[in-house]
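One structure is given below, encoded as structure tokens.
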Amino acid sequence: MFKGNKKSSKTVAWSSRSRFGKPAFSRSKFSAKKSTGGFKGKYIDPSRFICKAEPIAEAKPYQSKNAFADFNLDNRIKTNISARGYVNPTPIQDQTIPHILNGADVVGIANTGTGKTAAFLLPLLHKVLNNPNENILVIVPTRELAQQINEEFIQFRGNLRMFSVCCVGGAFIGQQISNLRRSHNFVIGTPGRLKDLIERGAINPARFGTIVLDEADRMLDMGFIADMRFIMSRMAPERQTLFFSATTTSEINNLIKEFLKEPISVSVKTGDTAKNVDQDVIRVERGQEKIEVLHQLLSQPEFNKVLIFGRTKHGVEKLSQTLLARGFKTESIHGDKNQSKRQRALQSFKSDKASVLVATDVAARGLDIPAVSHVINYDMPDSYEDYVHRIGRTGRAGQAGKALTFLN
């Protein structure tokens, strides 16, 4: 529960008229630019931010074709899977693991939080056990996702003697170069840092027999396409390539044609937004201060674990410090923080030491943060796709969630 001093008695203005058949906003009155003070992203009809969550019904369990015990995985890996309490795979795992084990290039299209990491880690662990000289390169868009995948690798590896190196920006490159000189089979990193290490001669891309491009659509959105092409052009021509994305576009399809050979495509995408996320908008009326409206929201007891998205690094840090000064237990994540500080902030939020996490879109993709009660878009997202990924941080694992978007 939040502990903050209530400085205003103004009523928070909620708008949900569109739920009753009448549009809440019109484009002429609420342009993206007007509502955000110079916002330059794609126009998003504000009515798309309003959607009543469907009642959470007892979903029919996915009828997997395989149990983990049925996969052609080394028994030591199966033991580690069982130790984590896993019996049946998720749809993306069930449908991709056999193809990866057979050495095929695979395109997996699935929502975040559907088990994509295990879908590629488990068969690749088996691949390394069968051939200790095998090397795996995993490329992801953000430092946090790289660290999260590295942690999952360690958990699934257990006591097996195989090792990884996590290579991300914001961390001391000298230590990463030193780690790369030691025995390892997996390198997990972000495009910019991997390119830097390749140029320094610390990584030889040609030695990797397998490459994983995870959250490829996000890497494209973040402008990493040149770095991706730089790395891929130096990979061995005969390799296995695994490509995972939450969305498909013409640009994504072009990358698939460019990077993969006769891939097997698996799509288990279930929709654009979580059906169990209650979505609404917060109208900041004339004369109201945006921060005061936010303060009132966070002071309500049901806002017990809140992820707030801002547009810029400076704005996120400023908002975080303001909330901290107002008595809220707040952390922040953005590109100006080094990796150790970002990891500490994320861990503090995950462990409930902090009740509020203010972040740029680096926290919108791939991260598994349990029990987020609310996502608040304090600043408008650049696109509707970014909005979908932001609100996907709440309402996970069959739980109800709420997403609120500020409109001036």
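How things are named: the first chain in the structure tokens is A, the next is B, and so on; residues count from 1 in each chain; ligands count from 1 in the order shown.
Near A:Val293, within 8 Å and counting only C-alpha atoms, sit Val12, Val284, Gln288, Glu289 and Leu297 of chain A; same-chain residues fewer than 4 positions away were not included.
You can rank A:Lys337, A:Arg283, A:Lys269, A:Arg390 by their closest distance to A:Phe309 using only C-alpha atoms, and at the top of that list sits A:Arg390.
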What's around A:Leu180 at 9 Å? Count only C-alpha atoms, leave out sequence neighbours fewer than 6 positions away in its own chain, and write the answer as number ranges by chain. A: 164-165, 187, 202-203
Can you write out the residues you just picked, keeping N, CA and C atoms, as a PDB file, in the first residue's frame?
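To be explicit, this is the file written out as part.pdb:
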```
ATOM      1  N   SER A 164      27.494 -19.482 -19.892  1.00  0.00           N
ATOM      2  CA  SER A 164      27.033 -18.388 -20.749  1.00  0.00           C
ATOM      3  C   SER A 164      27.775 -17.115 -20.401  1.00  0.00           C
ATOM      4  N   VAL A 165      27.767 -16.171 -21.347  1.00  0.00           N
ATOM      5  CA  VAL A 165      28.277 -14.824 -21.111  1.00  0.00           C
ATOM      6  C   VAL A 165      27.195 -13.846 -21.545  1.00  0.00           C
ATOM      7  N   VAL A 187      26.299 -17.117 -25.757  1.00  0.00           N
ATOM      8  CA  VAL A 187      26.494 -15.681 -25.616  1.00  0.00           C
ATOM      9  C   VAL A 187      25.124 -15.034 -25.795  1.00  0.00           C
ATOM     10  N   ALA A 202      36.688  -9.608 -29.863  1.00  0.00           N
ATOM     11  CA  ALA A 202      36.395 -10.457 -28.701  1.00  0.00           C
ATOM     12  C   ALA A 202      35.387 -11.548 -29.025  1.00  0.00           C
ATOM     13  N   ILE A 203      34.603 -11.360 -30.075  1.00  0.00           N
ATOM     14  CA  ILE A 203      33.629 -12.360 -30.526  1.00  0.00           C
ATOM     15  C   ILE A 203      33.844 -12.602 -32.009  1.00  0.00           C
TER      16      ILE A 203
END
```
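The space separating atom CA of A:Phe153 from atom CA of A:Ile188 comes to 9.9 Å.
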DSSP strand (DSSP E or B) residues within stretch 151-181 of chain A, as a compact mmCIF listing (two decimals) with C-alpha atoms, in the first residue's frame:
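This is the output file out-v7.txt:
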```
# COMPACT_ATOMS: atom_id res chain seq x y z
CA SER A 164 27.03 -18.39 -20.75
CA VAL A 165 28.28 -14.82 -21.11
CA CYS A 166 25.82 -11.92 -20.95
CA CYS A 167 26.98 -9.00 -23.12
```
From the set A:Gly335, A:Gly395, A:Gly189, A:Pro205, which residue has the shortest atom-to-atom contact distance to A:Gly315, counting only C-alpha atoms? A:Gly335
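Between atom CA of A:Lys127 and atom CA of A:Leu73 the interatomic distance comes to 8.9 Å.
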Backbone DSSP call of helix (DSSP H, G or I) for stretch 156-367 of chain A, listed as a ChimeraX atom specification: /A:156-157,173-180,191-199,205-207,216-221,225-232,250-259,290-298,313-325,339-350,361-363
Taking only C-alpha atoms into account, produce a table as a tab-separated table in which each residue of stretch 129-182 of chain A with an atom at most 12 Å from an atom of stretch 358-362 of chain A appears once, together with its shortest atom pair and the distance in Å to one decimal, ordered by chain and rising number.
```
residue	atom	partner	partner_atom	distance
A:Val140	CA	A:Val362	CA	11.4
A:Pro141	CA	A:Val362	CA	8.4
A:Thr142	CA	A:Val362	CA	6.3
A:Arg143	CA	A:Val362	CA	8.4
A:Glu144	CA	A:Val362	CA	7.9
A:Leu145	CA	A:Val362	CA	9.0
A:Ala146	CA	A:Val362	CA	11.7
```
